file query.txt (compact mmCIF, C-alpha atoms)
# COMPACT_ATOMS: atom_id res chain seq x y z
CA MET A 272 136.48 -149.74 114.67
CA ARG A 273 140.20 -149.94 115.30
CA TYR A 274 142.85 -149.71 112.60
CA ALA A 275 146.61 -150.25 112.77
CA LEU A 276 148.71 -147.58 111.05
CA LEU A 277 152.00 -148.95 109.72
CA ALA A 278 154.70 -147.44 107.51
CA ASP A 279 158.15 -148.31 106.21
CA ILE A 280 158.38 -152.00 107.08
CA HIS A 281 161.45 -152.17 104.84
CA ALA A 282 161.79 -155.95 104.59
CA ASN A 283 162.29 -156.24 108.35
CA LEU A 284 160.21 -159.33 109.04
CA THR A 285 161.28 -159.62 112.68
CA ALA A 286 160.04 -156.10 113.44
CA PHE A 287 156.87 -156.63 111.39
CA LYS A 288 156.01 -159.80 113.30
CA ALA A 289 156.68 -158.07 116.62
CA VAL A 290 154.32 -155.26 115.67
CA LEU A 291 151.55 -157.63 114.57
CA LYS A 292 151.95 -159.56 117.83
CA ASP A 293 151.73 -156.32 119.81
CA ILE A 294 148.60 -155.32 117.88
CA GLU A 295 146.94 -158.53 119.02
CA ARG A 296 148.10 -157.85 122.57
CA GLN A 297 146.43 -154.44 122.31
CA GLY A 298 143.11 -156.11 121.45
CA GLY A 299 143.45 -156.46 117.68
CA VAL A 300 142.25 -154.27 114.82
CA GLU A 301 139.76 -154.43 111.97
CA GLU A 302 142.39 -153.71 109.33
CA VAL A 303 146.02 -152.70 108.82
CA TRP A 304 146.64 -149.50 106.85
CA CYS A 305 150.14 -149.71 105.37
CA LEU A 306 151.74 -146.51 104.11
CA GLY A 307 154.27 -148.01 101.73
CA ASP A 308 157.89 -149.18 101.56
CA ILE A 309 157.22 -152.79 102.40
CA VAL A 310 160.57 -153.65 100.84
CA GLY A 311 164.02 -152.07 100.61
CA TYR A 312 166.95 -151.98 103.07
CA GLY A 313 166.05 -155.17 104.98
CA PRO A 314 166.76 -158.89 104.44
CA GLN A 315 163.31 -160.46 103.97
CA PRO A 316 161.28 -158.56 101.36
CA GLY A 317 159.28 -161.50 100.04
CA ARG A 318 158.34 -162.74 103.49
CA CYS A 319 157.11 -159.27 104.47
CA ILE A 320 154.93 -159.06 101.36
CA GLU A 321 153.58 -162.54 102.10
CA LEU A 322 152.75 -161.67 105.70
CA LEU A 323 151.04 -158.43 104.71
CA ARG A 324 148.99 -160.24 102.08
CA ARG A 325 147.80 -162.70 104.75
CA THR A 326 146.69 -159.77 106.91
CA LYS A 327 143.54 -157.79 106.17
CA HIS A 328 144.97 -154.57 104.86
CA THR A 329 144.87 -151.47 102.71
CA CYS A 330 148.26 -150.50 101.29
CA ILE A 331 149.76 -147.80 99.09
CA ALA A 332 153.10 -147.72 97.25
CA GLY A 333 156.35 -146.32 98.60
CA ASN A 334 159.40 -145.23 96.64
CA HIS A 335 161.36 -148.41 97.45
CA ASP A 336 158.41 -150.55 96.39
CA LEU A 337 158.30 -148.78 93.03
CA ALA A 338 162.07 -148.91 92.55
CA ALA A 339 162.06 -152.65 93.21
CA ILE A 340 159.75 -153.18 90.23
CA GLY A 341 161.57 -150.81 87.93
CA ARG A 342 159.24 -147.83 88.13
CA LEU A 343 161.81 -145.47 89.69
CA GLU A 344 165.41 -144.94 88.62
CA LEU A 345 168.04 -146.11 91.10
CA SER A 346 169.97 -142.90 90.45
CA ASN A 347 167.41 -141.22 92.73
CA PHE A 348 168.65 -143.27 95.71
CA ASN A 349 171.80 -143.09 97.81
CA PRO A 350 174.38 -145.86 97.11
CA ASP A 351 173.42 -148.05 100.09
CA ALA A 352 169.72 -147.87 99.28
CA ALA A 353 170.39 -148.59 95.59
CA THR A 354 172.51 -151.61 96.49
CA ALA A 355 169.73 -152.95 98.71
CA ILE A 356 167.15 -152.41 95.97
CA ARG A 357 169.26 -154.32 93.42
CA TRP A 358 169.47 -157.20 95.88
CA THR A 359 165.74 -156.96 96.59
CA VAL A 360 164.88 -157.24 92.90
CA GLU A 361 166.57 -160.64 92.81
CA GLN A 362 164.52 -161.91 95.78
CA LEU A 363 161.03 -161.04 94.52
CA THR A 364 158.75 -163.59 92.91
CA ASP A 365 156.40 -162.78 90.04
CA ALA A 366 153.56 -162.70 92.57
CA ASP A 367 155.50 -160.20 94.72
CA VAL A 368 156.07 -157.95 91.71
CA ASP A 369 152.41 -158.13 90.73
CA PHE A 370 151.38 -157.18 94.26
CA LEU A 371 153.69 -154.17 94.38
CA ALA A 372 152.70 -153.09 90.87
CA ALA A 373 149.03 -152.99 91.85
CA LEU A 374 149.54 -150.64 94.80
CA PRO A 375 148.07 -147.15 94.32
CA ALA A 376 149.99 -143.99 95.14
CA VAL A 377 147.04 -142.49 97.02
CA THR A 378 143.87 -143.90 98.56
CA GLU A 379 141.23 -142.92 101.10
CA ARG A 380 139.91 -144.87 104.09
CA GLU A 381 137.34 -143.75 106.67
CA GLY A 382 138.02 -140.03 106.35
CA PHE A 383 141.79 -140.40 105.94
CA THR A 384 143.93 -139.88 102.86
CA LEU A 385 146.81 -142.37 102.75
CA VAL A 386 150.10 -141.49 101.01
CA HIS A 387 153.72 -142.46 101.45
CA GLY A 388 155.54 -139.16 101.12
CA SER A 389 153.14 -136.23 101.29
CA PRO A 390 149.75 -135.32 99.81
CA ARG A 391 151.59 -132.88 97.51
CA GLU A 392 154.13 -135.46 96.28
CA PRO A 393 152.77 -138.88 97.34
CA VAL A 394 155.93 -140.89 96.66
CA TRP A 395 158.95 -138.67 97.30
CA GLU A 396 158.43 -135.67 99.56
CA TYR A 397 159.68 -135.86 103.15
CA LEU A 398 157.10 -134.15 105.33
CA VAL A 399 159.24 -132.97 108.24
CA SER A 400 158.86 -129.18 108.34
CA ILE A 401 156.04 -126.81 109.21
CA SER A 402 156.53 -124.94 105.93
CA ALA A 403 156.06 -128.13 103.90
CA ALA A 404 153.07 -129.11 106.04
CA ARG A 405 151.43 -125.73 105.51
CA GLU A 406 151.57 -126.20 101.74
CA SER A 407 150.54 -129.85 101.86
CA PHE A 408 147.19 -129.31 103.57
CA ALA A 409 145.82 -127.94 100.28
CA TYR A 410 146.46 -131.23 98.49
CA PHE A 411 143.95 -133.53 100.19
CA LYS A 412 140.20 -133.21 100.75
CA THR A 413 139.66 -135.47 103.77
CA ARG A 414 140.04 -134.13 107.32
CA PHE A 415 143.05 -136.27 108.01
CA CYS A 416 146.06 -137.57 106.10
CA LEU A 417 148.46 -140.39 106.97
CA VAL A 418 152.06 -140.26 105.71
CA GLY A 419 155.27 -142.23 106.07
CA HIS A 420 158.68 -141.93 104.37
CA SER A 421 160.51 -139.86 107.02
CA HIS A 422 160.60 -142.83 109.45
CA MET A 423 159.73 -140.46 112.31
CA PRO A 424 156.44 -140.23 114.26
CA LEU A 425 155.10 -136.72 113.61
CA VAL A 426 151.83 -134.79 113.68
CA PHE A 427 151.03 -131.53 111.91
CA LYS A 428 147.86 -129.52 112.54
CA GLN A 429 146.32 -126.99 110.17
CA GLU A 430 145.76 -123.60 111.72
CA GLU A 431 144.43 -120.24 110.53
CA GLY A 432 146.94 -119.20 107.88
CA GLY A 433 149.47 -121.89 108.69
CA ALA A 434 150.38 -125.14 110.41
CA SER A 435 151.84 -126.25 113.71
CA PHE A 436 153.70 -129.26 115.04
CA ILE A 437 152.07 -131.45 117.71
CA PRO A 438 154.19 -133.87 119.79
CA PHE A 439 153.38 -137.52 119.09
CA VAL A 440 154.53 -139.76 121.93
CA GLU A 441 153.55 -143.09 123.44
CA SER A 442 152.12 -141.81 126.68
CA ILE A 443 149.61 -139.33 125.24
CA GLY A 444 146.74 -140.27 122.91
CA LEU A 445 146.23 -137.96 119.93
CA VAL A 446 142.63 -136.70 120.03
CA LEU A 447 141.53 -135.95 116.48
CA GLY A 448 138.97 -133.29 117.36
CA ARG A 449 137.59 -130.98 114.68
CA GLY A 450 140.81 -129.76 113.06
CA ARG A 451 142.73 -131.16 110.12
CA LEU A 452 145.82 -133.25 110.83
CA MET A 453 148.62 -135.05 109.04
CA VAL A 454 149.96 -138.00 111.03
CA ASN A 455 153.09 -140.10 110.59
CA PRO A 456 153.14 -143.30 112.72
CA GLY A 457 156.90 -143.74 112.34
CA SER A 458 158.69 -146.74 110.86
CA VAL A 459 158.17 -150.40 111.64
CA GLY A 460 161.44 -151.61 110.15
CA GLN A 461 163.93 -148.74 110.31
CA PRO A 462 163.09 -145.94 112.79
CA ARG A 463 165.06 -142.69 112.44
CA ASP A 464 164.03 -140.70 115.51
CA GLY A 465 166.79 -141.99 117.76
CA ASP A 466 164.62 -144.80 119.17
CA PRO A 467 165.41 -148.18 117.53
CA ARG A 468 162.13 -149.78 118.63
CA ALA A 469 159.56 -150.48 115.95
CA SER A 470 156.96 -147.72 115.69
CA TYR A 471 153.29 -147.89 114.72
CA ALA A 472 149.92 -146.46 115.78
CA ILE A 473 146.35 -147.60 116.39
CA TYR A 474 143.39 -145.46 115.39
CA ASP A 475 140.16 -145.97 117.37
CA SER A 476 137.39 -144.45 115.27
CA GLU A 477 134.78 -144.58 118.05
CA ALA A 478 137.00 -142.78 120.55
CA GLY A 479 138.47 -140.48 117.89
CA VAL A 480 141.97 -141.15 119.20
CA VAL A 481 145.25 -142.26 117.63
CA ARG A 482 147.83 -143.83 119.96
CA LEU A 483 151.49 -144.33 119.16
CA HIS A 484 153.10 -147.62 120.16
CA ARG A 485 156.77 -148.62 120.33
CA ILE A 486 157.83 -152.24 120.55
CA SER A 487 161.25 -153.83 121.04
CA TYR A 488 162.36 -156.68 118.79
CA ASP A 489 165.52 -158.73 118.17
CA ILE A 490 167.57 -156.24 116.17
CA GLY A 491 170.64 -158.48 116.28
CA GLU A 492 168.74 -161.21 114.48
CA VAL A 493 167.95 -158.83 111.63
CA GLN A 494 171.49 -157.49 111.49
CA LEU A 495 172.84 -161.03 111.20
CA LYS A 496 170.49 -161.78 108.29
CA MET A 497 171.60 -158.58 106.58
CA MET A 498 175.26 -159.51 106.99
CA LYS A 499 174.68 -163.01 105.61
CA ASN A 500 173.09 -161.46 102.52
CA ASN A 501 175.93 -158.94 102.09
CA LEU A 502 173.64 -155.95 102.46
CA PRO A 503 175.42 -152.64 103.20
CA VAL A 504 176.94 -152.55 106.67
CA ARG A 505 175.69 -149.03 107.34
CA LEU A 506 172.09 -150.15 106.89
CA SER A 507 172.64 -152.83 109.50
CA VAL A 508 174.41 -150.57 111.99
CA ARG A 509 171.74 -147.87 111.89
CA LEU A 510 169.04 -150.34 112.99
CA GLY A 511 170.61 -150.48 116.42
CA GLN A 512 170.87 -146.71 116.63
CA GLY A 513 167.44 -145.74 115.36
CA ILE A 514 168.88 -143.27 112.85

call {"tool": "encode", "arguments": {"input": "query.txt", "output": "C-alpha cells"}}
result
Amino acid sequence: MRYALLADIHANLTAFKAVLKDIERQGGVEEVWCLGDIVGYGPQPGRCIELLRRTKHTCIAGNHDLAAIGRLELSNFNPDAATAIRWTVEQLTDADVDFLAALPAVTEREGFTLVHGSPREPVWEYLVSISAARESFAYFKTRFCLVGHSHMPLVFKQEEGGASFIPFVESIGLVLGRGRLMVNPGSVGQPRDGDPRASYAIYDSEAGVVRLHRISYDIGEVQLKMMKNNLPVRLSVRLGQGI
C-alpha cells in the first residue's frame, strides 16, 4: 500500500490541490495521512477542509485547528497568527467546526503514530533538535512516528542511548529498516526550510520506503487572495521565501 503524508496545509488551497495532483501523477495512494493544521495563516480554510473531506484520509488536530474552534487561547500565538485565526473563525461553517472538533490529538496507522507537534506534546512541541527527539522516542509505542508543526522535512533515528538526525531530501528514499524513526514530511501550505515549494511524502509499505516530494505551485495567486482578505502582509511575503 501507498500512503501520502501531509502536514500543515494552512488554508492554502492552491498548494493543497497541487500536491494532490502530484500524488496522482506519482501513481496515487490508498489514503492521505494528514498531520494537522488544515487551517490558519492562509486564505481558504473552508475549501481546504472540504477538499480533505472528499479525499480518503486519516487526520489529527493541529494547534491552529484547535484555536479556530476555541480550544486554544489566542494569547499562545504570535500577533500575525492570532489575526489569521480570528479571520478564519469567521469563515468556518458549522460543518467545518464539527469536523475540526472531532479530530483526535493522536492516532495510529499501519505501525505509525501520528501527531502534530511531538509524541511528548502532540499539539505544541516543535521537534527540531536531537535533544528533544531523544526524549520523545519514549512517548510512542509504534516503530515509527509522523510529526508536523515545524514546517520542515526532518528525520530523527533512535540510537543506543540517544538519537541522530538523518537528512531527508527529494533525491534519496528513506529506507525504514529495523530502527525507530520520527519523520516530518514538511509543510504543504507554508514551508519554512528555505524552499517555498509545497512539501509532502509518500510511504510505500511494501518497499518500506518513504520518499519526499516537492512541488511548485502559483504562490502569487495565494498571496493575492491573502491581500484581498486583509490577512497579515508578513504571512503573504514569507510564502515566497519559504521561511

call {"tool": "residues_around", "arguments": {"input": "query.txt", "residues": "Pro503 of chain A", "least_positions_apart": "5", "cutoff": "9 Å", "atoms": "all atoms listed in the file", "output": "list of chain:residue names"}}
result
A:Tyr312, A:Asp351, A:Ala352, A:Thr354, A:Ala355, A:Met497, A:Met498

call {"tool": "closest_residue", "arguments": {"input": "query.txt", "among": "A:Leu417, A:Val300, A:Arg509, A:Leu323", "to": "Phe383 of chain A", "atoms": "all atoms listed in the file"}}
result
A:Leu417

call {"tool": "atom_distance", "arguments": {"input": "query.txt", "atom1": "atom CA of Ile473 of chain A", "atom2": "atom CA of Leu276 of chain A"}}
result
5.8 Å

call {"tool": "residues_around", "arguments": {"input": "query.txt", "residues": "Val459 of chain A", "least_positions_apart": "4", "cutoff": "12 Å", "atoms": "only C-alpha atoms", "output": "VMD selection string"}}
result
chain A and resid 275 to 291 293 305 to 310 313 319 419 to 424 455 463 to 464 466 to 472 483 to 488 490 510 513

call {"tool": "atom_distance", "arguments": {"input": "query.txt", "atom1": "atom CA of Lys428 of chain A", "atom2": "atom CA of Thr329 of chain A"}}
result
24.2 Å

call {"tool": "atom_distance", "arguments": {"input": "query.txt", "atom1": "atom CA of Leu322 of chain A", "atom2": "atom CA of Ile443 of chain A"}}
result
29.8 Å

call {"tool": "closest_residue", "arguments": {"input": "query.txt", "among": "A:Val493, A:Met453, A:Leu506, A:Ala434", "to": "Phe411 of chain A", "atoms": "only C-alpha atoms"}}
result
A:Met453

call {"tool": "closest_residue", "arguments": {"input": "query.txt", "among": "A:Gly382, A:Gly299, A:Arg318, A:Pro350", "to": "Thr413 of chain A", "atoms": "all atoms listed in the file"}}
result
A:Gly382

call {"tool": "residues_around", "arguments": {"input": "query.txt", "residues": "Ala409 of chain A", "least_positions_apart": "4", "cutoff": "12 Å", "atoms": "all atoms listed in the file", "output": "NGL selection string"}}
result
:A and (389-392 or 403-405 or 413-416 or 429 or 432-434 or 451-453)

call {"tool": "residues_around", "arguments": {"input": "query.txt", "residues": "Ala353 of chain A", "least_positions_apart": "3", "cutoff": "12 Å", "atoms": "only C-alpha atoms", "output": "number ranges by chain"}}
result
A: 311-312, 334-335, 338-339, 341, 343-350, 356-360, 502-503, 506

call {"tool": "write_last_selection", "arguments": {"input": "query.txt", "atoms": "C-alpha atoms", "output": "PDB file, keeping the file's coordinate frame"}}
result
ATOM      1  CA  GLY A 311     164.020-152.070 100.610  1.00  0.00           C
ATOM      2  CA  TYR A 312     166.950-151.980 103.070  1.00  0.00           C
ATOM      3  CA  ASN A 334     159.400-145.230  96.640  1.00  0.00           C
ATOM      4  CA  HIS A 335     161.360-148.410  97.450  1.00  0.00           C
ATOM      5  CA  ALA A 338     162.070-148.910  92.550  1.00  0.00           C
ATOM      6  CA  ALA A 339     162.060-152.650  93.210  1.00  0.00           C
ATOM      7  CA  GLY A 341     161.570-150.810  87.930  1.00  0.00           C
ATOM      8  CA  LEU A 343     161.810-145.470  89.690  1.00  0.00           C
ATOM      9  CA  GLU A 344     165.410-144.940  88.620  1.00  0.00           C
ATOM     10  CA  LEU A 345     168.040-146.110  91.100  1.00  0.00           C
ATOM     11  CA  SER A 346     169.970-142.900  90.450  1.00  0.00           C
ATOM     12  CA  ASN A 347     167.410-141.220  92.730  1.00  0.00           C
ATOM     13  CA  PHE A 348     168.650-143.270  95.710  1.00  0.00           C
ATOM     14  CA  ASN A 349     171.800-143.090  97.810  1.00  0.00           C
ATOM     15  CA  PRO A 350     174.380-145.860  97.110  1.00  0.00           C
ATOM     16  CA  ILE A 356     167.150-152.410  95.970  1.00  0.00           C
ATOM     17  CA  ARG A 357     169.260-154.320  93.420  1.00  0.00           C
ATOM     18  CA  TRP A 358     169.470-157.200  95.880  1.00  0.00           C
ATOM     19  CA  THR A 359     165.740-156.960  96.590  1.00  0.00           C
ATOM     20  CA  VAL A 360     164.880-157.240  92.900  1.00  0.00           C
ATOM     21  CA  LEU A 502     173.640-155.950 102.460  1.00  0.00           C
ATOM     22  CA  PRO A 503     175.420-152.640 103.200  1.00  0.00           C
ATOM     23  CA  LEU A 506     172.090-150.150 106.890  1.00  0.00           C
TER      24      LEU A 506
END

call {"tool": "closest_residue", "arguments": {"input": "query.txt", "among": "A:Gly511, A:Gly457, A:Gly450, A:Gly444", "to": "Arg482 of chain A", "atoms": "all atoms listed in the file"}}
result
A:Gly444

call {"tool": "closest_residue", "arguments": {"input": "query.txt", "among": "A:Glu361, A:Glu381, A:Asp336, A:Glu295", "to": "Gly479 of chain A", "atoms": "only C-alpha atoms"}}
result
A:Glu381

call {"tool": "closest_residue", "arguments": {"input": "query.txt", "among": "A:Pro314, A:Val481, A:Val418, A:Leu398", "to": "Ser442 of chain A", "atoms": "all atoms listed in the file"}}
result
A:Val481

call {"tool": "residues_near_point", "arguments": {"input": "query.txt", "point": "(150.0, -138.3, 117.9)", "cutoff": "6 Å", "atoms": "only C-alpha atoms", "output": "VMD selection string"}}
result
chain A and resid 426 439 445
